[in-house]
file target.txt (compact mmCIF, C-alpha atoms and all ligand atoms)
# COMPACT_ATOMS: atom_id res chain seq x y z
CA ILE A 1 -43.67 -87.34 -35.79
CA LYS A 2 -41.13 -90.08 -35.18
CA THR A 3 -38.24 -89.91 -37.59
CA VAL A 4 -35.25 -91.90 -38.81
CA ARG A 5 -33.33 -90.35 -35.89
CA ASP A 6 -35.49 -92.32 -33.47
CA VAL A 7 -34.58 -95.81 -34.75
CA ASN A 8 -31.42 -97.83 -34.93
CA LEU A 9 -30.86 -98.47 -38.62
CA LYS A 10 -27.61 -100.39 -38.40
CA GLY A 11 -27.84 -103.68 -40.25
CA LYS A 12 -31.52 -103.11 -41.01
CA ARG A 13 -33.32 -103.47 -44.28
CA VAL A 14 -35.18 -100.22 -44.90
CA VAL A 15 -38.16 -99.67 -47.20
CA MET A 16 -38.69 -96.01 -47.99
CA ARG A 17 -41.61 -94.34 -49.73
CA VAL A 18 -40.51 -91.25 -51.62
CA ASP A 19 -42.55 -88.95 -53.83
CA PHE A 20 -40.65 -89.11 -57.11
CA ASN A 21 -43.80 -88.18 -58.99
CA VAL A 22 -41.84 -85.69 -61.08
CA PRO A 23 -42.72 -84.26 -64.49
CA MET A 24 -41.29 -86.50 -67.24
CA LYS A 25 -40.88 -85.94 -70.96
CA ASP A 26 -39.62 -88.66 -73.29
CA GLY A 27 -38.20 -90.57 -70.32
CA LYS A 28 -36.33 -87.53 -68.98
CA VAL A 29 -36.80 -85.83 -65.60
CA GLN A 30 -38.02 -82.25 -66.15
CA ASP A 31 -37.87 -80.98 -62.57
CA ASP A 32 -35.82 -82.70 -59.88
CA THR A 33 -37.03 -80.76 -56.82
CA ARG A 34 -38.69 -83.77 -55.23
CA ILE A 35 -35.74 -86.07 -55.97
CA VAL A 36 -33.24 -83.65 -54.46
CA ALA A 37 -35.51 -83.14 -51.44
CA ALA A 38 -35.33 -86.85 -50.53
CA ILE A 39 -31.54 -87.11 -50.70
CA PRO A 40 -30.76 -86.11 -47.07
CA THR A 41 -32.85 -89.02 -45.77
CA ILE A 42 -31.42 -91.46 -48.32
CA LYS A 43 -27.86 -90.51 -47.34
CA TYR A 44 -28.65 -90.68 -43.63
CA VAL A 45 -30.14 -94.19 -43.88
CA LEU A 46 -27.03 -95.43 -45.70
CA ASP A 47 -24.63 -93.59 -43.38
CA GLN A 48 -26.28 -95.31 -40.42
CA GLY A 49 -25.28 -98.67 -41.88
CA ALA A 50 -28.57 -99.97 -43.25
CA LYS A 51 -28.18 -103.34 -44.97
CA SER A 52 -30.33 -102.24 -47.90
CA LEU A 53 -32.53 -99.33 -48.86
CA VAL A 54 -35.52 -100.06 -51.08
CA LEU A 55 -37.08 -96.96 -52.62
CA MET A 56 -40.60 -96.91 -53.96
CA SER A 57 -42.77 -94.23 -55.53
CA HIS A 58 -45.57 -93.64 -57.95
CA LEU A 59 -44.90 -91.71 -61.15
CA GLY A 60 -48.15 -90.44 -62.56
CA ASP A 61 -51.01 -92.87 -62.85
CA PRO A 62 -50.32 -95.10 -65.87
CA LYS A 63 -53.91 -96.27 -66.34
CA LYS A 64 -55.70 -92.96 -65.82
CA ASP A 65 -53.13 -90.80 -67.60
CA MET A 66 -52.91 -93.13 -70.59
CA LYS A 67 -56.66 -93.15 -71.05
CA LYS A 68 -56.62 -89.36 -71.26
CA ALA A 69 -53.61 -89.25 -73.57
CA LYS A 70 -55.20 -91.86 -75.85
CA GLU A 71 -58.47 -89.96 -76.05
CA LYS A 72 -56.61 -86.78 -76.89
CA ALA A 73 -54.59 -88.54 -79.62
CA GLU A 74 -57.80 -89.96 -81.11
CA LYS A 75 -59.42 -86.53 -81.07
CA ASP A 76 -56.38 -85.03 -82.82
CA GLY A 77 -56.39 -87.89 -85.34
CA LYS A 78 -52.91 -89.05 -84.24
CA THR A 79 -51.68 -92.62 -83.78
CA PHE A 80 -50.98 -93.64 -80.21
CA ASP A 81 -48.09 -95.88 -79.20
CA GLU A 82 -48.88 -97.29 -75.74
CA ALA A 83 -45.42 -98.67 -74.98
CA ALA A 84 -43.71 -95.43 -76.02
CA TYR A 85 -46.15 -93.43 -73.95
CA ILE A 86 -45.56 -95.55 -70.84
CA ALA A 87 -41.77 -95.49 -71.36
CA GLY A 88 -41.79 -91.72 -71.73
CA LYS A 89 -43.95 -90.93 -68.73
CA HIS A 90 -44.36 -93.68 -66.17
CA ARG A 91 -41.29 -95.90 -65.94
CA MET A 92 -39.10 -95.52 -62.88
CA ALA A 93 -35.83 -96.70 -64.48
CA PRO A 94 -34.84 -93.22 -65.75
CA VAL A 95 -35.61 -91.75 -62.34
CA ALA A 96 -33.37 -94.39 -60.71
CA ALA A 97 -30.60 -93.43 -63.15
CA TYR A 98 -31.11 -89.75 -62.39
CA LEU A 99 -30.92 -90.36 -58.64
CA SER A 100 -27.81 -92.47 -59.09
CA GLN A 101 -26.12 -89.60 -60.89
CA LYS A 102 -27.13 -87.13 -58.15
CA LEU A 103 -25.87 -89.43 -55.39
CA GLY A 104 -22.73 -90.54 -57.18
CA LYS A 105 -23.68 -94.12 -56.21
CA PRO A 106 -25.38 -96.98 -58.01
CA VAL A 107 -29.15 -97.23 -57.72
CA VAL A 108 -30.23 -100.68 -58.81
CA PHE A 109 -33.55 -100.84 -60.64
CA ALA A 110 -35.53 -103.90 -59.57
CA GLY A 111 -37.17 -104.40 -62.96
CA GLU A 112 -40.21 -103.13 -64.78
CA ASP A 113 -42.12 -106.41 -64.58
CA SER A 114 -43.53 -105.97 -61.06
CA CYS A 115 -43.12 -104.65 -57.52
CA PHE A 116 -44.07 -108.13 -56.25
CA GLY A 117 -41.57 -110.96 -55.81
CA LYS A 118 -38.43 -108.88 -55.30
CA LYS A 119 -37.32 -110.14 -51.87
CA ALA A 120 -34.69 -112.54 -53.18
CA PHE A 121 -33.38 -109.94 -55.60
CA ILE A 122 -33.06 -107.36 -52.81
CA GLU A 123 -31.30 -109.80 -50.52
CA SER A 124 -28.87 -110.79 -53.26
CA GLN A 125 -27.52 -107.24 -53.53
CA PRO A 126 -24.32 -106.22 -51.73
CA GLU A 127 -24.67 -104.58 -48.30
CA GLY A 128 -25.56 -100.91 -48.41
CA SER A 129 -27.28 -101.15 -51.82
CA ILE A 130 -30.01 -98.79 -52.97
CA ILE A 131 -32.73 -100.58 -54.89
CA MET A 132 -35.56 -98.83 -56.68
CA LEU A 133 -38.87 -100.50 -57.47
CA GLU A 134 -41.03 -99.84 -60.54
CA ASN A 135 -43.86 -97.28 -60.31
CA THR A 136 -46.19 -98.64 -57.63
CA ARG A 137 -49.29 -97.47 -59.53
CA PHE A 138 -48.85 -100.13 -62.19
CA HIS A 139 -50.53 -102.31 -59.55
CA LYS A 140 -54.25 -101.85 -58.99
CA GLU A 141 -53.70 -102.82 -55.33
CA GLU A 142 -51.74 -99.60 -54.70
CA THR A 143 -54.72 -97.28 -54.98
CA SER A 144 -57.58 -99.75 -54.40
CA GLU A 145 -60.55 -98.52 -52.35
CA ASP A 146 -60.67 -101.98 -50.79
CA ALA A 147 -58.30 -102.19 -47.81
CA ALA A 148 -57.87 -105.96 -48.20
CA GLU A 149 -56.72 -105.44 -51.80
CA ARG A 150 -54.26 -102.74 -50.74
CA ASP A 151 -52.96 -105.03 -48.03
CA LYS A 152 -51.87 -107.61 -50.62
CA LEU A 153 -49.32 -105.18 -52.04
CA ALA A 154 -48.58 -103.60 -48.66
CA LYS A 155 -47.62 -106.99 -47.16
CA GLU A 156 -45.32 -107.73 -50.07
CA LEU A 157 -43.59 -104.34 -49.81
CA ALA A 158 -43.32 -104.77 -46.03
CA SER A 159 -41.48 -108.05 -46.56
CA TYR A 160 -38.63 -106.07 -48.15
CA GLY A 161 -37.56 -104.55 -44.82
CA GLU A 162 -37.93 -104.16 -41.07
CA VAL A 163 -38.20 -100.39 -41.02
CA PHE A 164 -40.62 -98.33 -43.09
CA VAL A 165 -39.57 -94.75 -43.72
CA ASN A 166 -42.12 -92.41 -45.22
CA ASP A 167 -40.50 -89.36 -46.80
CA ALA A 168 -43.22 -88.90 -49.44
CA PHE A 169 -44.88 -85.78 -48.12
CA GLY A 170 -46.40 -84.99 -51.54
CA THR A 171 -48.38 -88.24 -51.37
CA ALA A 172 -49.13 -88.16 -47.63
CA HIS A 173 -52.81 -87.38 -48.28
CA ARG A 174 -53.27 -90.68 -50.14
CA ASP A 175 -54.31 -93.78 -48.22
CA HIS A 176 -52.43 -96.16 -50.48
CA ALA A 177 -50.60 -99.48 -50.05
CA SER A 178 -47.11 -97.97 -50.19
CA THR A 179 -47.90 -94.79 -48.22
CA ALA A 180 -49.98 -96.05 -45.31
CA SER A 181 -51.15 -99.72 -45.41
CA ILE A 182 -47.56 -100.97 -45.36
CA ALA A 183 -47.15 -99.57 -41.83
CA LYS A 184 -49.46 -102.32 -40.52
CA PHE A 185 -47.00 -105.01 -41.59
CA VAL A 186 -43.60 -103.65 -40.49
CA PRO A 187 -42.29 -103.45 -36.91
CA VAL A 188 -41.39 -99.75 -37.12
CA SER A 189 -42.63 -96.81 -39.24
CA VAL A 190 -41.02 -93.38 -39.12
CA GLY A 191 -40.82 -90.24 -41.22
CA GLY A 192 -37.82 -88.99 -43.15
CA PHE A 193 -36.31 -85.52 -42.88
CA LEU A 194 -38.44 -84.08 -45.67
CA MET A 195 -41.63 -85.34 -44.05
CA GLU A 196 -40.48 -83.89 -40.73
CA LYS A 197 -39.66 -80.50 -42.24
CA GLU A 198 -42.97 -80.26 -44.10
CA VAL A 199 -44.97 -81.18 -41.01
CA ASN A 200 -42.97 -78.81 -38.81
CA TYR A 201 -43.65 -75.86 -41.11
CA LEU A 202 -47.22 -76.59 -42.15
CA GLU A 203 -48.87 -78.03 -39.07
CA PRO A 204 -48.28 -75.06 -36.72
CA ILE A 205 -50.02 -72.75 -39.21
CA VAL A 206 -53.23 -74.54 -38.31
CA THR A 207 -52.52 -75.40 -34.68
CA SER A 208 -50.39 -72.62 -33.16
CA PRO A 209 -48.98 -70.04 -35.61
CA VAL A 210 -46.81 -67.16 -34.47
CA LYS A 211 -49.30 -64.32 -34.93
CA PRO A 212 -50.20 -62.20 -36.76
CA LEU A 213 -50.79 -64.84 -39.44
CA VAL A 214 -51.64 -63.62 -42.94
CA ALA A 215 -52.79 -66.13 -45.54
CA ILE A 216 -52.64 -65.44 -49.26
CA ILE A 217 -55.03 -67.75 -51.05
CA GLY A 218 -55.35 -67.58 -54.80
CA GLY A 219 -55.99 -69.79 -57.77
CA ALA A 220 -58.86 -70.24 -60.12
CA LYS A 221 -61.57 -71.89 -58.09
CA VAL A 222 -63.25 -71.09 -54.78
CA SER A 223 -64.66 -74.61 -54.64
CA SER A 224 -61.20 -76.15 -54.15
CA LYS A 225 -60.23 -73.63 -51.46
CA ILE A 226 -63.31 -73.41 -49.20
CA ALA A 227 -62.01 -75.82 -46.58
CA VAL A 228 -58.63 -74.11 -46.41
CA LEU A 229 -60.19 -70.65 -46.10
CA GLU A 230 -62.42 -71.85 -43.28
CA SER A 231 -59.52 -73.53 -41.50
CA LEU A 232 -57.18 -70.52 -41.79
CA LEU A 233 -59.86 -68.13 -40.57
CA LYS A 234 -59.43 -69.61 -37.11
CA ASN A 235 -55.99 -68.03 -36.71
CA ALA A 236 -55.42 -65.50 -39.50
CA SER A 237 -55.64 -61.77 -38.90
CA ALA A 238 -56.08 -61.32 -42.66
CA LEU A 239 -56.96 -63.48 -45.63
CA VAL A 240 -55.75 -62.13 -48.94
CA ILE A 241 -57.98 -63.62 -51.61
CA GLY A 242 -56.64 -63.29 -55.14
CA GLY A 243 -56.70 -64.99 -58.52
CA GLY A 244 -59.80 -66.15 -60.35
CA MET A 245 -61.56 -67.05 -57.12
CA ALA A 246 -61.59 -63.41 -55.99
CA TYR A 247 -64.27 -62.64 -58.58
CA THR A 248 -66.79 -64.97 -56.98
CA PHE A 249 -66.24 -63.02 -53.74
CA LEU A 250 -66.53 -59.63 -55.49
CA LYS A 251 -69.75 -60.71 -57.18
CA ALA A 252 -71.07 -61.95 -53.81
CA GLN A 253 -70.41 -58.44 -52.45
CA GLY A 254 -72.50 -56.98 -55.27
CA HIS A 255 -69.73 -55.75 -57.56
CA THR A 256 -69.78 -56.14 -61.31
CA VAL A 257 -67.19 -58.63 -62.56
CA GLY A 258 -67.57 -58.41 -66.37
CA SER A 259 -66.71 -61.74 -67.95
CA SER A 260 -64.32 -62.76 -65.14
CA LEU A 261 -64.29 -66.35 -63.92
CA VAL A 262 -67.13 -66.79 -61.43
CA GLU A 263 -68.57 -69.87 -59.79
CA ASP A 264 -72.20 -68.90 -59.40
CA ASP A 265 -72.92 -71.99 -57.32
CA GLN A 266 -70.37 -70.76 -54.77
CA LEU A 267 -71.81 -67.28 -54.21
CA ASP A 268 -73.51 -68.32 -50.98
CA THR A 269 -70.34 -70.01 -49.76
CA ALA A 270 -68.39 -66.83 -50.50
CA LYS A 271 -70.98 -64.82 -48.54
CA SER A 272 -70.77 -67.16 -45.57
CA ILE A 273 -66.95 -66.97 -45.55
CA LEU A 274 -67.17 -63.16 -45.63
CA ALA A 275 -69.62 -63.25 -42.71
CA ALA A 276 -67.48 -65.71 -40.74
CA ALA A 277 -64.44 -63.48 -41.21
CA GLN A 278 -66.35 -60.48 -39.93
CA LYS A 279 -67.45 -62.42 -36.89
CA VAL A 280 -63.89 -63.34 -35.88
CA GLY A 281 -62.49 -59.93 -36.84
CA ALA A 282 -60.31 -61.22 -39.68
CA GLU A 283 -59.75 -58.83 -42.55
CA ILE A 284 -60.59 -60.11 -46.03
CA VAL A 285 -58.44 -58.44 -48.66
CA LEU A 286 -59.98 -58.53 -52.13
CA PRO A 287 -58.72 -56.79 -55.28
CA VAL A 288 -59.59 -53.08 -55.53
CA ASP A 289 -58.22 -52.68 -59.05
CA HIS A 290 -57.43 -55.05 -61.88
CA VAL A 291 -55.47 -55.84 -65.00
CA CYS A 292 -58.08 -57.13 -67.44
CA ALA A 293 -58.36 -58.46 -70.97
CA ASP A 294 -61.17 -59.22 -73.38
CA LYS A 295 -60.15 -62.88 -73.58
CA PHE A 296 -58.19 -65.54 -71.70
CA ASP A 297 -55.13 -65.52 -73.91
CA ALA A 298 -51.38 -65.11 -73.43
CA ASN A 299 -51.34 -62.46 -76.16
CA ALA A 300 -54.42 -60.55 -75.01
CA THR A 301 -53.86 -56.81 -74.55
CA PRO A 302 -53.79 -55.86 -70.86
CA VAL A 303 -56.29 -53.19 -69.83
CA ALA A 304 -55.81 -51.46 -66.44
CA ILE A 305 -59.09 -50.98 -64.56
CA ASP A 306 -58.80 -48.53 -61.68
CA SER A 307 -61.94 -49.59 -59.82
CA ILE A 308 -63.30 -52.56 -57.90
CA ASP A 309 -65.96 -53.08 -60.55
CA VAL A 310 -64.98 -54.78 -63.78
CA PRO A 311 -66.81 -53.44 -66.84
CA ASP A 312 -68.74 -55.63 -69.27
CA GLY A 313 -66.68 -57.42 -71.87
CA LEU A 314 -63.53 -57.59 -69.72
CA MET A 315 -62.17 -60.26 -67.38
CA GLY A 316 -59.79 -59.75 -64.50
CA LEU A 317 -56.53 -61.64 -65.06
CA ASP A 318 -54.27 -59.92 -62.53
CA VAL A 319 -54.44 -57.47 -59.64
CA GLY A 320 -53.63 -53.79 -60.13
CA PRO A 321 -51.20 -51.42 -58.32
CA LYS A 322 -53.64 -50.25 -55.63
CA THR A 323 -54.33 -53.85 -54.67
CA LEU A 324 -50.59 -54.52 -54.47
CA ALA A 325 -50.15 -51.48 -52.20
CA LYS A 326 -52.83 -52.92 -49.93
CA TYR A 327 -51.10 -56.33 -49.94
CA ARG A 328 -47.84 -54.63 -48.93
CA GLU A 329 -49.54 -52.92 -46.00
CA VAL A 330 -51.18 -56.14 -44.75
CA LEU A 331 -48.11 -58.33 -45.21
CA ALA A 332 -45.83 -55.84 -43.44
CA LYS A 333 -47.48 -56.71 -40.12
CA ALA A 334 -47.32 -60.49 -40.50
CA LYS A 335 -45.08 -62.72 -38.41
CA THR A 336 -46.26 -65.80 -40.31
CA ILE A 337 -47.31 -65.88 -43.98
CA VAL A 338 -48.76 -68.85 -45.79
CA TRP A 339 -49.23 -68.61 -49.54
CA ASN A 340 -51.27 -71.02 -51.62
CA GLY A 341 -52.28 -70.08 -55.16
CA PRO A 342 -51.26 -67.28 -57.53
CA VAL A 343 -53.09 -63.91 -57.56
CA GLY A 344 -53.10 -63.64 -61.34
CA VAL A 345 -52.49 -65.62 -64.51
CA PHE A 346 -48.71 -65.56 -64.00
CA GLU A 347 -48.17 -68.05 -66.83
CA PHE A 348 -49.05 -65.16 -69.21
CA GLU A 349 -46.28 -62.51 -69.19
CA ASN A 350 -48.78 -59.64 -69.41
CA PHE A 351 -50.60 -60.81 -66.30
CA ALA A 352 -47.69 -62.04 -64.18
CA LYS A 353 -46.83 -58.82 -62.35
CA GLY A 354 -49.17 -59.24 -59.36
CA THR A 355 -47.95 -62.74 -58.54
CA GLY A 356 -44.31 -61.66 -59.04
CA GLU A 357 -44.80 -58.74 -56.64
CA VAL A 358 -46.44 -61.02 -54.07
CA ALA A 359 -43.45 -63.37 -54.33
CA LYS A 360 -41.14 -60.40 -53.69
CA MET A 361 -43.20 -59.20 -50.72
CA VAL A 362 -43.18 -62.66 -49.15
CA ALA A 363 -39.40 -62.90 -49.73
CA GLU A 364 -38.96 -59.50 -48.02
CA ALA A 365 -41.02 -60.75 -45.09
CA THR A 366 -38.65 -63.73 -44.72
CA ALA A 367 -35.70 -61.33 -44.71
CA ARG A 368 -37.17 -59.36 -41.80
CA GLY A 369 -37.70 -62.53 -39.78
CA ALA A 370 -41.22 -63.68 -40.58
CA THR A 371 -41.88 -67.38 -41.17
CA THR A 372 -43.02 -67.79 -44.78
CA VAL A 373 -44.47 -70.99 -46.17
CA VAL A 374 -45.39 -71.56 -49.80
CA GLY A 375 -47.53 -74.56 -50.63
CA GLY A 376 -49.48 -75.74 -53.62
CA GLY A 377 -48.21 -76.56 -57.09
CA ASP A 378 -48.97 -73.22 -58.77
CA SER A 379 -47.54 -70.88 -56.15
CA VAL A 380 -44.43 -73.05 -55.99
CA ALA A 381 -44.13 -72.78 -59.79
CA ALA A 382 -44.50 -69.01 -59.37
CA VAL A 383 -41.72 -68.60 -56.77
CA ASN A 384 -39.50 -70.76 -58.96
CA LYS A 385 -40.32 -68.68 -62.02
CA PHE A 386 -39.40 -65.47 -60.17
CA GLY A 387 -36.23 -67.09 -58.77
CA LEU A 388 -37.29 -66.56 -55.16
CA ALA A 389 -37.71 -70.12 -53.86
CA ASP A 390 -34.61 -69.91 -51.66
CA LYS A 391 -35.90 -66.66 -50.15
CA MET A 392 -38.83 -68.41 -48.44
CA SER A 393 -38.65 -70.16 -45.07
CA HIS A 394 -40.20 -73.22 -46.66
CA VAL A 395 -41.43 -74.20 -50.10
CA SER A 396 -43.56 -77.31 -49.86
CA THR A 397 -43.05 -80.30 -52.16
CA GLY A 398 -46.75 -81.11 -51.77
CA GLY A 399 -49.72 -79.74 -53.67
CA GLY A 400 -52.80 -81.61 -52.48
CA ALA A 401 -50.97 -82.76 -49.35
CA SER A 402 -50.07 -79.24 -48.19
CA LEU A 403 -53.59 -78.03 -48.91
CA GLU A 404 -55.18 -80.86 -46.91
CA LEU A 405 -52.79 -80.28 -44.01
CA LEU A 406 -53.73 -76.58 -44.02
CA GLU A 407 -57.37 -77.64 -44.03
CA GLY A 408 -56.61 -79.21 -40.65
CA LYS A 409 -57.06 -82.79 -41.89
CA LYS A 410 -55.14 -85.77 -40.65
CA LEU A 411 -53.11 -87.25 -43.49
CA PRO A 412 -52.73 -91.07 -43.64
CA GLY A 413 -49.05 -90.93 -44.64
CA ILE A 414 -48.23 -88.69 -41.68
CA GLU A 415 -50.35 -90.54 -39.13
CA VAL A 416 -48.35 -93.75 -39.67
CA CYS A 417 -45.22 -91.89 -38.52
CA ARG A 418 -46.65 -90.82 -35.15
C1 LIG A 501 -48.71 -84.88 -56.30
O1 LIG A 501 -48.07 -84.69 -57.33
O2 LIG A 501 -49.49 -84.04 -55.82
C2 LIG A 501 -48.47 -86.13 -55.52
O3 LIG A 501 -47.41 -86.84 -56.04
C3 LIG A 501 -49.72 -86.95 -55.45
O4 LIG A 501 -50.10 -87.34 -56.73
P1 LIG A 501 -51.61 -87.79 -57.02
O5 LIG A 501 -52.45 -86.55 -56.95
O6 LIG A 501 -51.57 -88.42 -58.37
O7 LIG A 501 -51.99 -88.77 -55.94

call {"tool": "encode", "arguments": {"input": "target.txt", "output": "structure tokens"}}
result
Amino acid sequence: IKTVRDVNLKGKRVVMRVDFNVPMKDGKVQDDTRIVAAIPTIKYVLDQGAKSLVLMSHLGDPKKDMKKAKEKAEKDGKTFDEAAYIAGKHRMAPVAAYLSQKLGKPVVFAGEDSCFGKKAFIESQPEGSIIMLENTRFHKEETSEDAAERDKLAKELASYGEVFVNDAFGTAHRDHASTASIAKFVPVSVGGFLMEKEVNYLEPIVTSPVKPLVAIIGGAKVSSKIAVLESLLKNASALVIGGGMAYTFLKAQGHTVGSSLVEDDQLDTAKSILAAAQKVGAEIVLPVDHVCADKFDANATPVAIDSIDVPDGLMGLDVGPKTLAKYREVLAKAKTIVWNGPVGVFEFENFAKGTGEVAKMVAEATARGATTVVGGGDSVAAVNKFGLADKMSHVSTGGGASLELLEGKKLPGIEVCR
């Protein structure tokens, strides 16, 4: 992709899309990973002498999220305060303040009224100012299915600068006004350093990985991972399939799975993935033993099951020691490892061991020179929980975006930077 290095930014007004969609509680940032990740590009743009830097992002989806929160409050018989809810979750002002503190520089908030009509305000700021707009998703035009609607907001945002920088990798899979449409109305569109790094780590896994490539794909549902499994099969020597989705595969192979999570409507898909793997000579690594429980509960008693088959009345919530030994053997040969999705319910202490061990194995692979890439919200949460994030070659800031890139799709927010 083209990046900020490829354009002259001196004296330019820059409009930059970031993904500051961070978890918020009572108007406070709960995890600043994505904010910190955008700082190198922000500093670079200012160091190059840009006249102004306008930052824009979404922060949750006010309309959709509020509807859910309201329904939940009603169900629980609680009163719901709309303004307090919006202030606590979706306003960008506290994020601007947080960024300002991190940068040690003022970040001017352009006002919660609108993202429209801010040109004069931006131009009235001193040279070198950072200005942050309100959450773009307060405007229906941001996410509209209708391109002409999106263009209304995109044109307005484009009028705030001559250079569009997209550093919002986490939102690169969305064809929205501020992530993609805007590029039609500015003279130059380039990626930031975060976008560049994400693309440089994730894209080669699909196009030209250093082999052997081993993919660890976990998580609850097969249905959300079919496309990525099919895409990775083209290059992987082994696919490690763990987590809830492994049980659909085990059932497809004729094993008993007890009361484990199974998507019966995906059994045929699982069979066809198994057949496709056989055809290309890729090994599929499924659990051979389990840590089970009689219910899906943090306090459920763990029961070790030393066989592939899960007995009636039990559900698999983590992989067992023999499976981990197998993982170790397979991962030891890998020159590239991509990990998306936990192999057990790591949020429950009793069922976290498998995912913790996988995190350690991947970290060890990095130490011996393999390229290791972790993508997807849950596996990122896992490496953070086990304190191993800095032991990976790359931990993606994107959930859906990293998954879609691994599926081999073209992402609108990346394409505008080419
Ligand atoms: C994310 O958190 O995955 C990105 O910020 C995109 O958010 P979205 O799924 O609400 O578009």

call {"tool": "axis_aligned_box", "arguments": {"input": "target.txt", "around": "ligand LIG 501 (chain A)", "padding_each_side": "6 Å", "output": "lines of an AutoDock Vina configuration file"}}
result
center_x = -49.9
center_y = -86.4
center_z = -56.9
size_x = 17.0
size_y = 16.7
size_z = 14.9

call {"tool": "residues_around", "arguments": {"input": "target.txt", "residues": "Glu329 in chain A", "least_positions_apart": "6", "cutoff": "12 Å", "atoms": "all atoms listed in the file", "output": "ChimeraX atom specification"}}
result
/A:214,238,240,285,322-323,358,361,365

call {"tool": "residues_near_point", "arguments": {"input": "target.txt", "point": "(-27.7, -98.2, -41.7)", "cutoff": "8 Å", "atoms": "all atoms listed in the file", "output": "count of residues only"}}
result
15

call {"tool": "closest_atom_pairs", "arguments": {"input": "target.txt", "of": "range 257-311 of chain A", "to": "range 333-343 of chain A", "cutoff": "12 Å", "atoms": "all atoms listed in the file", "output": "CSV"}}
result
residue,atom,partner,partner_atom,distance
A:Val285,CA,A:Val343,CA,11.7
A:Leu286,CA,A:Val343,CA,10.3
A:Pro287,CA,A:Val343,CA,9.4
A:His290,CA,A:Val343,CA,10.8
A:Val291,CA,A:Val343,CA,11.2

call {"tool": "residues_around", "arguments": {"input": "target.txt", "residues": "range 31-39 of chain A", "least_positions_apart": "4", "cutoff": "9 Å", "atoms": "all atoms listed in the file", "output": "list in words"}}
result
Val18, Asp19, Phe20, Asn21, Val22, Pro23, Met24, Lys43, Tyr44, Val95, Tyr98, Leu99, Lys102, Leu103, Asp167, Ala168, Gly170, Gly192, Phe193, Leu194 and Thr397 of chain A

call {"tool": "residues_near_ligand", "arguments": {"input": "target.txt", "ligand": "ligand LIG 501 (chain A)", "cutoff": "8 Å", "atoms": "only C-alpha atoms and all ligand atoms", "output": "list in words"}}
result
Asp19, Phe20, Asn21, Val22, His58, Leu59, Gly60, Asp61, Gly170, Thr171, Ala172, His173, Arg174, Gly377, Gly398, Gly399, Gly400 and Ala401 of chain A

call {"tool": "closest_residue", "arguments": {"input": "target.txt", "among": "A:Thr41, A:Thr371, A:Ser129, A:Asn384", "to": "Asn200 in chain A", "atoms": "all atoms listed in the file"}}
result
A:Thr371

call {"tool": "residues_around", "arguments": {"input": "target.txt", "residues": "Ile284 in chain A", "least_positions_apart": "4", "cutoff": "9 Å", "atoms": "only C-alpha atoms", "output": "list in words"}}
result
Ser237, Ala238, Leu239, Val240, Ile241, Leu274, Ala277 and Gln278 of chain A

call {"tool": "write_last_selection", "arguments": {"input": "target.txt", "atoms": "C-alpha atoms", "output": "PDB file, keeping the file's coordinate frame"}}
result
ATOM      1  CA  SER A 237     -55.640 -61.770 -38.900  1.00  0.00           C
ATOM      2  CA  ALA A 238     -56.080 -61.320 -42.660  1.00  0.00           C
ATOM      3  CA  LEU A 239     -56.960 -63.480 -45.630  1.00  0.00           C
ATOM      4  CA  VAL A 240     -55.750 -62.130 -48.940  1.00  0.00           C
ATOM      5  CA  ILE A 241     -57.980 -63.620 -51.610  1.00  0.00           C
ATOM      6  CA  LEU A 274     -67.170 -63.160 -45.630  1.00  0.00           C
ATOM      7  CA  ALA A 277     -64.440 -63.480 -41.210  1.00  0.00           C
ATOM      8  CA  GLN A 278     -66.350 -60.480 -39.930  1.00  0.00           C
TER       9      GLN A 278
END

call {"tool": "atom_distance", "arguments": {"input": "target.txt", "atom1": "CA of Gly387 in chain A", "atom2": "CA of Lys360 in chain A"}}
result
9.7 Å

call {"tool": "residues_around", "arguments": {"input": "target.txt", "residues": "range 139-145 of chain A", "least_positions_apart": "6", "cutoff": "9 Å", "atoms": "all atoms listed in the file", "output": "MDAnalysis selection string"}}
result
chainID A and resid 114:115 151:154 174:179

call {"tool": "closest_residue", "arguments": {"input": "target.txt", "among": "A:Val222, A:Ala300, A:Val199, A:Leu213", "to": "Leu411 in chain A", "atoms": "only C-alpha atoms"}}
result
A:Val199

call {"tool": "atom_distance", "arguments": {"input": "target.txt", "atom1": "CA of Lys89 in chain A", "atom2": "CA of Asp297 in chain A"}}
result
28.2 Å
